[in-house]
>>> print(open('data25.csv').read())   # CSV, C-alpha atoms
chain,number,residue,atom,x,y,z
A,24,MET,CA,-37.2,11.3,0.1
A,25,SER,CA,-37.7,12.4,-3.5
A,26,HIS,CA,-37.2,10.1,-6.4
A,27,THR,CA,-34.2,12.2,-7.4
A,28,GLY,CA,-32.7,11.8,-3.9
A,29,LYS,CA,-33.3,8.1,-4.0
A,30,LEU,CA,-31.6,7.7,-7.4
A,31,ILE,CA,-28.6,9.8,-6.4
A,32,GLN,CA,-28.1,8.7,-2.8
A,33,ASN,CA,-29.6,5.2,-2.5
A,34,VAL,CA,-28.5,4.0,-5.9
A,35,GLY,CA,-25.7,6.2,-7.3
A,36,GLN,CA,-23.7,6.8,-4.2
A,37,ALA,CA,-24.4,3.3,-2.8
A,38,PHE,CA,-23.2,1.4,-5.9
A,39,GLY,CA,-20.7,4.0,-7.3
A,40,TRP,CA,-23.0,4.5,-10.3
A,41,SER,CA,-22.7,7.7,-12.3
A,42,ILE,CA,-25.9,9.8,-12.6
A,43,HIS,CA,-26.2,12.5,-15.3
A,44,PHE,CA,-29.4,14.5,-16.0
A,45,PHE,CA,-30.0,16.4,-19.3
A,46,VAL,CA,-32.6,17.6,-21.7
A,47,VAL,CA,-33.0,15.8,-24.9
A,48,ASP,CA,-35.0,16.5,-28.1
A,49,ALA,CA,-37.0,13.2,-27.9
A,50,GLU,CA,-38.8,13.8,-31.2
A,51,LYS,CA,-35.6,13.9,-33.2
A,52,CYS,CA,-34.0,11.0,-31.2
A,53,SER,CA,-36.9,8.6,-31.1
A,54,GLY,CA,-36.5,7.5,-34.7
A,55,GLN,CA,-32.7,7.1,-34.3
A,56,PHE,CA,-33.2,5.0,-31.2
A,57,GLN,CA,-35.3,2.5,-33.2
A,58,GLU,CA,-32.7,1.9,-35.9
A,59,GLU,CA,-30.2,-0.3,-34.2
A,60,GLY,CA,-26.7,-0.5,-35.7
A,61,ARG,CA,-26.8,3.1,-37.0
A,62,GLU,CA,-24.0,5.3,-35.7
A,63,ASP,CA,-26.3,8.3,-35.1
A,64,THR,CA,-25.8,10.9,-32.4
A,65,CYS,CA,-28.7,12.2,-30.4
A,66,LEU,CA,-28.3,15.9,-30.0
A,67,LEU,CA,-28.8,17.2,-26.4
A,68,PHE,CA,-30.1,20.6,-25.8
A,69,GLU,CA,-29.1,21.4,-22.2
A,70,ASP,CA,-29.6,25.2,-22.5
A,71,THR,CA,-33.0,25.1,-24.1
A,72,ASP,CA,-36.4,25.4,-22.3
A,73,VAL,CA,-38.1,22.7,-24.4
A,74,GLY,CA,-37.5,18.9,-24.9
A,75,CYS,CA,-37.8,15.9,-22.6
A,76,TRP,CA,-35.8,15.4,-19.4
A,77,ALA,CA,-33.6,12.4,-19.3
A,78,VAL,CA,-31.0,10.7,-17.1
A,79,GLU,CA,-28.1,8.6,-17.9
A,80,VAL,CA,-27.1,5.9,-15.4
A,81,TYR,CA,-23.8,4.0,-15.6
A,82,VAL,CA,-24.5,0.5,-14.2
A,83,GLY,CA,-21.0,-0.9,-14.8
A,84,LEU,CA,-17.9,-0.5,-16.9
A,85,LEU,CA,-18.7,0.9,-20.3
A,86,LYS,CA,-22.4,0.2,-19.7
A,87,SER,CA,-24.9,3.0,-19.3
A,88,LYS,CA,-28.7,3.2,-19.5
A,89,ILE,CA,-30.5,6.3,-20.6
A,90,PHE,CA,-34.0,7.0,-19.5
A,91,VAL,CA,-36.0,9.6,-21.4
A,92,SER,CA,-39.1,10.8,-19.6
A,93,ASN,CA,-42.1,12.5,-21.1
A,94,ASP,CA,-41.6,15.6,-18.9
A,95,ARG,CA,-41.0,18.8,-20.9
A,96,SER,CA,-40.6,21.2,-18.0
A,97,PRO,CA,-38.5,24.3,-18.8
A,98,ALA,CA,-34.9,24.6,-17.5
A,99,THR,CA,-35.9,27.0,-14.7
A,100,LEU,CA,-35.1,26.2,-11.0
A,101,ASN,CA,-38.5,24.6,-10.4
A,102,GLY,CA,-38.7,23.1,-13.9
A,103,THR,CA,-35.3,21.5,-13.5
A,104,LYS,CA,-36.4,20.0,-10.2
A,105,LYS,CA,-39.6,18.7,-11.7
A,106,GLY,CA,-37.8,17.3,-14.8
A,107,LYS,CA,-35.2,15.5,-12.8
A,108,GLU,CA,-37.9,14.1,-10.6
A,109,ALA,CA,-39.8,12.7,-13.6
A,110,ALA,CA,-36.6,11.2,-15.1
A,111,SER,CA,-35.6,9.7,-11.8
A,112,LYS,CA,-39.0,8.1,-11.1
A,113,PHE,CA,-38.9,6.5,-14.6
A,114,ALA,CA,-35.3,5.3,-14.1
A,115,LEU,CA,-35.9,3.8,-10.6
A,116,ASN,CA,-38.8,1.8,-12.0
A,117,GLU,CA,-36.8,0.5,-14.9
A,118,LEU,CA,-33.6,-0.1,-12.9
A,119,GLN,CA,-35.2,-2.6,-10.4
A,120,ASN,CA,-33.5,-5.6,-11.9
A,121,ASP,CA,-30.1,-3.9,-11.9
A,122,ILE,CA,-30.6,-2.7,-8.3
A,123,GLU,CA,-31.7,-6.2,-7.2
A,124,GLN,CA,-28.7,-7.8,-8.8
A,125,GLU,CA,-26.4,-5.4,-6.8
A,126,TYR,CA,-28.2,-6.3,-3.5
A,127,GLN,CA,-27.9,-10.0,-4.3
A,128,LYS,CA,-24.1,-9.6,-4.3
A,129,LYS,CA,-22.5,-10.6,-1.1
A,130,PRO,CA,-21.7,-7.5,1.0
A,131,VAL,CA,-18.1,-7.6,2.2
A,132,GLU,CA,-16.8,-4.9,4.6
A,133,GLY,CA,-13.4,-3.7,3.7
A,134,LEU,CA,-10.7,-4.5,1.2
A,135,HIS,CA,-8.9,-6.8,3.6
A,136,GLU,CA,-11.9,-9.2,3.8
A,137,ALA,CA,-12.6,-8.9,0.1
A,138,MET,CA,-9.1,-9.3,-1.2
A,139,LYS,CA,-7.4,-11.4,1.4
A,140,ASP,CA,-7.3,-14.6,-0.8
A,141,GLN,CA,-5.8,-12.6,-3.7
A,142,PHE,CA,-3.3,-10.8,-1.5
A,143,HIS,CA,-2.2,-14.0,0.4
A,144,GLY,CA,1.5,-14.6,0.1
A,145,ILE,CA,2.4,-11.1,-1.1
A,146,PRO,CA,5.4,-9.9,1.0
A,147,ILE,CA,5.3,-6.6,2.8
A,148,VAL,CA,8.9,-5.3,3.1
A,149,GLU,CA,10.5,-2.1,4.5
A,150,SER,CA,12.2,0.3,2.1
A,151,SER,CA,16.0,-0.2,1.8
A,152,ASN,CA,18.5,-0.3,-1.0
A,153,LYS,CA,18.4,-4.0,-0.9
A,154,THR,CA,14.6,-4.3,-1.3
A,155,TRP,CA,14.5,-1.6,-4.1
A,156,ASN,CA,17.2,-3.4,-6.0
A,157,LYS,CA,15.6,-6.8,-5.6
A,158,TYR,CA,12.0,-5.9,-6.3
A,159,ILE,CA,12.3,-2.8,-8.6
A,160,TRP,CA,15.6,-1.9,-10.3
A,161,ASN,CA,17.0,-5.4,-10.8
A,162,SER,CA,13.7,-7.3,-11.1
A,163,ASN,CA,13.3,-9.2,-14.3
A,164,PRO,CA,11.1,-8.0,-15.7
A,165,LYS,CA,11.3,-4.5,-14.2
A,166,PRO,CA,7.8,-3.4,-13.2
A,167,SER,CA,6.1,-1.1,-15.7
A,168,VAL,CA,3.5,0.1,-13.3
A,169,VAL,CA,3.1,0.5,-9.5
A,170,GLY,CA,0.3,1.4,-7.2
A,171,ILE,CA,1.1,4.2,-4.6
A,172,ASP,CA,-0.7,5.3,-1.5
A,173,THR,CA,0.3,7.4,1.5
A,174,GLU,CA,-0.8,7.9,5.1
A,175,GLY,CA,-0.4,11.1,7.1
A,176,ASN,CA,-0.3,13.3,4.0
A,177,THR,CA,-1.4,16.7,5.1
A,178,GLY,CA,2.3,17.8,4.8
A,179,SER,CA,5.3,16.8,2.8
A,180,PRO,CA,6.7,14.3,3.0
A,181,PRO,CA,3.9,12.0,4.3
A,182,ILE,CA,4.3,9.8,7.3
A,183,LEU,CA,4.1,6.5,5.3
A,184,VAL,CA,4.4,5.7,1.6
A,185,GLN,CA,3.2,2.4,0.2
A,186,ILE,CA,4.6,1.2,-3.2
A,187,ALA,CA,3.0,-1.9,-4.7
A,188,THR,CA,3.9,-4.1,-7.6
A,189,ASN,CA,2.0,-7.3,-8.5
A,190,HIS,CA,4.4,-9.3,-6.3
A,191,VAL,CA,5.4,-7.1,-3.3
A,192,VAL,CA,4.5,-4.0,-1.3
A,193,ILE,CA,7.3,-1.7,-0.1
A,194,LEU,CA,6.6,0.5,2.9
A,195,GLU,CA,8.7,3.6,3.2
A,196,ILE,CA,8.8,5.8,6.3
A,197,PRO,CA,10.5,9.1,5.4
A,198,SER,CA,11.1,10.0,9.0
A,199,SER,CA,13.4,7.0,9.4
A,200,ASN,CA,15.7,8.2,6.6
A,201,LYS,CA,18.8,10.2,7.4
A,202,ASN,CA,17.4,13.5,6.3
A,203,GLY,CA,13.8,12.8,7.1
A,204,GLN,CA,12.9,13.0,3.4
A,205,LEU,CA,11.9,10.6,0.7
A,206,SER,CA,14.7,8.0,0.0
A,207,PRO,CA,16.7,8.4,-3.2
A,208,ASN,CA,15.1,5.2,-4.5
A,209,LEU,CA,11.6,6.6,-4.1
A,210,GLN,CA,12.6,9.9,-5.7
A,211,ARG,CA,14.1,7.9,-8.6
A,212,LEU,CA,10.8,6.0,-9.0
A,213,LEU,CA,8.7,9.2,-9.0
A,214,GLN,CA,11.0,10.7,-11.7
A,215,ASP,CA,11.1,7.5,-13.8
A,216,GLU,CA,8.8,8.1,-16.8
A,217,SER,CA,9.1,4.5,-17.9
A,218,ILE,CA,7.1,3.3,-14.8
A,219,VAL,CA,3.5,4.3,-14.5
A,220,LYS,CA,2.5,5.5,-11.0
A,221,VAL,CA,-1.1,4.9,-10.1
A,222,PHE,CA,-2.9,6.7,-7.2
A,223,CYS,CA,-6.5,6.6,-6.0
A,224,GLU,CA,-7.0,10.2,-4.9
A,225,ASN,CA,-9.7,12.2,-3.2
A,226,GLY,CA,-10.5,15.7,-4.5
A,227,SER,CA,-7.5,17.3,-2.7
A,228,LYS,CA,-4.9,15.1,-4.4
A,229,ARG,CA,-3.0,14.8,-1.1
A,230,ASP,CA,-1.1,11.7,-2.0
A,231,MET,CA,0.5,13.3,-5.1
A,232,LYS,CA,1.0,16.7,-3.4
A,233,SER,CA,2.7,15.2,-0.3
A,234,LEU,CA,5.2,13.5,-2.6
A,235,GLY,CA,5.9,16.7,-4.5
A,236,LEU,CA,4.4,15.6,-7.7
A,237,THR,CA,2.8,17.9,-10.3
A,238,ILE,CA,-0.9,17.2,-10.6
A,239,PRO,CA,-1.7,15.9,-14.1
A,240,GLN,CA,-4.0,18.2,-16.0
A,241,ASN,CA,-5.3,15.6,-18.5
A,242,VAL,CA,-6.5,12.2,-17.7
A,243,GLU,CA,-4.3,9.6,-19.3
A,244,LEU,CA,-4.3,5.8,-19.1
A,245,ALA,CA,-0.7,5.6,-20.0
A,246,GLY,CA,0.8,7.8,-17.3
A,247,PRO,CA,3.4,8.3,-16.0
A,248,ILE,CA,1.2,9.7,-13.3
A,249,VAL,CA,-2.5,8.6,-13.2
A,250,ASP,CA,-5.4,8.8,-10.8
A,251,LEU,CA,-7.6,5.7,-10.6
A,252,GLU,CA,-10.6,8.0,-9.8
A,253,ASP,CA,-10.1,9.9,-13.1
A,254,ILE,CA,-9.9,6.7,-15.1
A,255,ALA,CA,-13.0,5.2,-13.4
A,256,ALA,CA,-14.8,8.4,-14.3
A,257,LYS,CA,-13.9,8.1,-17.9
A,258,LEU,CA,-15.0,4.4,-18.1
A,259,MET,CA,-18.1,4.6,-15.7
A,260,GLY,CA,-19.0,8.3,-15.8
A,261,PRO,CA,-18.3,11.0,-13.2
A,262,THR,CA,-19.8,11.0,-9.7
A,263,THR,CA,-20.4,13.9,-7.3
A,264,THR,CA,-18.4,12.1,-4.6
A,265,LYS,CA,-15.3,10.0,-5.2
A,266,ARG,CA,-16.0,6.3,-5.5
A,267,GLY,CA,-12.9,5.2,-3.5
A,268,VAL,CA,-10.7,2.2,-4.2
A,269,ALA,CA,-13.1,-0.3,-2.7
A,270,LYS,CA,-16.0,0.5,-5.0
A,271,ILE,CA,-13.7,0.8,-8.0
A,272,VAL,CA,-12.2,-2.7,-7.3
A,273,GLY,CA,-15.8,-4.1,-7.1
A,274,HIS,CA,-16.6,-2.6,-10.5
A,275,ALA,CA,-13.2,-3.6,-12.1
A,276,MET,CA,-13.4,-7.2,-10.8
A,277,PRO,CA,-17.1,-8.2,-11.3
A,278,GLU,CA,-16.1,-11.9,-11.1
A,279,LEU,CA,-15.7,-11.5,-7.4
A,280,GLY,CA,-19.5,-11.3,-7.1
A,281,ILE,CA,-19.3,-9.1,-4.1
A,282,ARG,CA,-20.2,-5.5,-3.0
A,283,ILE,CA,-17.2,-4.0,-1.2
A,284,THR,CA,-17.7,-1.3,1.4
A,285,LYS,CA,-15.0,0.6,3.3
A,286,SER,CA,-16.6,1.8,6.5
A,287,LYS,CA,-15.1,3.8,9.3
A,288,SER,CA,-15.3,0.8,11.6
A,289,VAL,CA,-13.1,-1.1,9.2
A,290,LYS,CA,-10.6,1.8,9.1
A,291,SER,CA,-10.4,2.0,12.9
A,292,LYS,CA,-10.0,-1.8,13.1
A,293,PHE,CA,-7.0,-2.1,10.7
A,294,LYS,CA,-5.5,1.4,10.6
A,295,ASP,CA,-5.1,3.7,13.6
A,296,ILE,CA,-5.8,6.9,11.8
A,297,GLY,CA,-5.4,8.8,15.0
A,298,LYS,CA,-1.7,7.7,15.1
A,299,TYR,CA,-0.9,9.5,11.9
A,300,ILE,CA,-2.8,12.6,12.9
A,301,ALA,CA,-1.0,12.7,16.2
A,302,ILE,CA,2.4,12.4,14.5
A,303,GLU,CA,1.5,15.2,12.1
A,304,GLN,CA,0.5,17.4,15.1
A,305,ASN,CA,3.7,16.5,17.0
A,306,ARG,CA,1.6,14.7,19.7
A,307,HIS,CA,3.2,11.3,18.9
A,308,PRO,CA,6.9,10.4,18.2
A,309,PRO,CA,7.7,9.9,14.6
A,310,LEU,CA,7.8,6.4,13.2
A,311,ARG,CA,11.3,4.8,13.4
A,312,GLY,CA,10.5,1.9,11.1
A,313,ILE,CA,7.6,-0.4,10.1
A,314,TYR,CA,8.1,-2.2,13.4
A,315,ASP,CA,6.3,0.8,14.9
A,316,LEU,CA,3.2,-0.3,13.0
A,317,THR,CA,1.2,-3.4,14.0
A,318,ARG,CA,0.9,-6.2,11.5
A,319,ARG,CA,-2.7,-5.3,10.8
A,320,GLU,CA,-1.8,-1.6,10.2
A,321,GLN,CA,0.9,-2.8,7.7
A,322,LEU,CA,-1.6,-5.0,6.0
A,323,TYR,CA,-4.2,-2.3,5.7
A,324,ALA,CA,-1.8,0.2,4.3
A,325,ALA,CA,-0.2,-2.3,1.8
A,326,LEU,CA,-3.7,-3.5,0.6
A,327,ASP,CA,-4.7,0.1,-0.4
A,328,ALA,CA,-1.7,0.4,-2.7
A,329,TRP,CA,-1.9,-3.1,-4.1
A,330,CYS,CA,-5.6,-3.0,-4.8
A,331,THR,CA,-5.1,0.4,-6.5
A,332,LEU,CA,-2.7,-1.3,-8.8
A,333,GLN,CA,-4.9,-4.4,-9.5
A,334,ALA,CA,-7.9,-2.2,-10.2
A,335,TRP,CA,-5.9,-0.1,-12.7
A,336,VAL,CA,-4.6,-3.2,-14.5
A,337,ARG,CA,-8.2,-4.3,-15.0
A,338,LEU,CA,-9.5,-0.9,-16.1
A,339,ASP,CA,-6.6,-0.6,-18.4
A,340,GLU,CA,-7.6,-3.9,-20.1
A,341,TYR,CA,-11.2,-2.6,-20.4
A,342,SER,CA,-10.0,0.7,-22.0
A,343,LYS,CA,-7.8,-1.1,-24.5
A,344,ASN,CA,-10.6,-3.4,-25.6
A,345,ARG,CA,-13.4,-0.8,-25.9
A,346,PRO,CA,-14.5,0.2,-29.4
A,347,SER,CA,-13.1,3.4,-30.9
A,348,GLY,CA,-16.4,5.2,-30.8
A,349,GLY,CA,-15.8,6.7,-27.4
A,350,ILE,CA,-16.1,5.8,-23.7
A,351,SER,CA,-19.9,5.2,-23.7
A,352,THR,CA,-20.2,2.3,-26.1
A,353,ASN,CA,-22.8,0.0,-24.6
A,354,HIS,CA,-26.0,2.0,-24.2
A,355,GLU,CA,-29.6,0.9,-23.5
A,356,VAL,CA,-32.1,3.7,-24.1
A,357,LEU,CA,-35.5,3.7,-22.5
A,358,ARG,CA,-38.0,6.2,-23.7
A,359,GLN,CA,-41.1,6.9,-21.7
A,360,SER,CA,-44.3,7.1,-23.7
A,361,GLY,CA,-47.9,6.0,-23.4
A,362,SER,CA,-46.8,2.4,-23.6
A,363,ASN,CA,-43.4,2.8,-21.9
A,364,LEU,CA,-41.8,1.5,-25.1
A,365,ARG,CA,-38.4,-0.1,-24.5
A,366,VAL,CA,-35.9,0.7,-27.3
A,367,SER,CA,-32.4,-0.6,-27.5
A,368,ALA,CA,-29.6,1.4,-29.2
A,369,PRO,CA,-26.1,0.1,-28.5
A,370,SER,CA,-24.7,2.8,-30.9
A,371,PHE,CA,-26.3,5.8,-29.1
A,372,SER,CA,-23.6,8.3,-28.1
A,373,PRO,CA,-24.9,11.4,-26.3
A,374,CYS,CA,-23.2,14.8,-26.7
A,375,HIS,CA,-22.5,16.1,-23.2
>>> encode(input="data25.csv", output="C-alpha cells")
Amino acid sequence: MSHTGKLIQNVGQAFGWSIHFFVVDAEKCSGQFQEEGREDTCLLFEDTDVGCWAVEVYVGLLKSKIFVSNDRSPATLNGTKKGKEAASKFALNELQNDIEQEYQKKPVEGLHEAMKDQFHGIPIVESSNKTWNKYIWNSNPKPSVVGIDTEGNTGSPPILVQIATNHVVILEIPSSNKNGQLSPNLQRLLQDESIVKVFCENGSKRDMKSLGLTIPQNVELAGPIVDLEDIAAKLMGPTTTKRGVAKIVGHAMPELGIRITKSKSVKSKFKDIGKYIAIEQNRHPPLRGIYDLTRREQLYAALDAWCTLQAWVRLDEYSKNRPSGGISTNHEVLRQSGSNLRVSAPSFSPCH
C-alpha cells in the first residue's frame, strides 16, 4: 500500500482523523513558522504548479499537525499523486508517537461496552402523554437539548424513534399510535425551537428526513437542529467517510482512554437490523410497542441517542472555550528540510 493509502485508511479512517492535502509556498511560510506568537497566516496556493506539498492531520479536538514536504511536483494528475505521497511519507514518520498513543488505548467494541457504566441507571421508557409530561414538558428544568436517533428510516415515519435527555430515553413507535404517525408530543418537540435536537447523521440524512425535518443548510452549534457529524467536522476537520457516533464519542471524551469501534458483529448482537428492514418491506408485522423489542435491542437503540447527546454536550463545551481565531487553533507545523527541522507555530491558521 502507498504511503498515501496508509495515511488515509490505516490512520485517518481508523482513528477518525481528518486528512487534508494542499500546496503551500514554503519559502514565504518558513519564516512565519519560526516566529511563535505572531498571528500570521500562511497563504496556500492550491491552484498553482509550484510550491511544496503538505498535509494537515487533525489528531484530536482543535489539534492539528501540518507536515510540509520538500516535494514541489506540479499539480497535474501524476504530480498530485507524487506530492501527496511525499507529504504522507513525511507525516507517517512524524506521527509515530501519536499513532502509538492511539493503539495504546484500550480497544472497546461497541458503545454498549464503552458507555455501560455511564448509562447505568438511565431509564428507557415508552412514549406516552405521561412520560412526555414527566420527563420533557413538566420537567424542572425543562431540557434544552435532546439527542435523537431513528431505526427503520427509509420511509416516513420511521419504525422507531429514540429521544434522549441526560436522565431518560423515550422510545416512540409511530405504528403503535392511532394514526400510525408521529405522536403530537414528538411533533411538538420537533417544532419547539427552544429545544436543540441533535442527530448523528450519515450522508443521506435519513433520520431528519424520516421525521419530516428540513435539512439545515448551515452548520450551527446552537440549533435548533444540529448534526453531530457536521459539528465534529468543524472541530476536527472533515473526513471522506462519516466518523460515526462511536468515534466521535471517543474524541469528545478522551478521559475514557479507550478506542471505541462499532462493528457489524456488535450491531447484529444488540440490534436486529433485519427486523426493521423486514417491517419496512412488509415481511414482518409492525411493532405494537417496545415490548416487541428485546431488552438488548431497546438498550442498543437508546444508547445511540443518549451517546449522541453526551458527545454534543462535550463538543459544545470545546467550541465555547476555543479562542476566537477560528476552529484550527492548536497547530504544530513540521517542515521537511535537509535536517527535518521541527518548527512549532500554535498561531498558524491555513487558508483552505
>>> closest_atom_pairs(input="data25.csv", of="stretch 183-224 of chain A", to="stretch 251-275 of chain A", cutoff="9 Å", atoms="all atoms listed in the file", output="JSON lines")
{"residue": "A:Val221", "atom": "CA", "partner": "A:Leu251", "partner_atom": "CA", "distance": 6.6}
{"residue": "A:Phe222", "atom": "CA", "partner": "A:Leu251", "partner_atom": "CA", "distance": 5.9}
{"residue": "A:Cys223", "atom": "CA", "partner": "A:Leu251", "partner_atom": "CA", "distance": 4.8}
{"residue": "A:Glu224", "atom": "CA", "partner": "A:Glu252", "partner_atom": "CA", "distance": 6.5}
>>> closest_residue(input="data25.csv", among="A:Ser179, A:Asn116, A:Gln185, A:Asn161", to="A:Lys220", atoms="all atoms listed in the file")
A:Gln185
>>> atom_distance(input="data25.csv", atom1="atom CA of A:Pro164", atom2="atom CA of A:Ile193")
17.2 Å
>>> atom_distance(input="data25.csv", atom1="atom CA of A:Lys165", atom2="atom CA of A:Met138")
24.7 Å
>>> atom_distance(input="data25.csv", atom1="atom CA of A:Gly280", atom2="atom CA of A:Pro130")
9.2 Å
>>> residues_around(input="data25.csv", residues="A:Leu310", least_positions_apart="6", cutoff="9 Å", atoms="only C-alpha atoms", output="compact mmCIF listing (two decimals) with C-alpha atoms, in the coordinates of the input")
# COMPACT_ATOMS: atom_id res chain seq x y z
CA ILE A 182 4.30 9.80 7.30
CA LEU A 183 4.10 6.50 5.30
CA ILE A 196 8.80 5.80 6.30
CA PRO A 197 10.50 9.10 5.40
CA SER A 198 11.10 10.00 9.00
CA SER A 199 13.40 7.00 9.40
CA ILE A 302 2.40 12.40 14.50
CA LEU A 316 3.20 -0.30 13.00
>>> residues_near_point(input="data25.csv", point="(-0.8, -9.0, 1.5)", cutoff="6 Å", atoms="only C-alpha atoms", output="ChimeraX atom specification")
/A:142-143,145
>>> closest_residue(input="data25.csv", among="A:Val131, A:Val78, A:Met24, A:Ile31", to="A:Arg282", atoms="all atoms listed in the file")
A:Val131
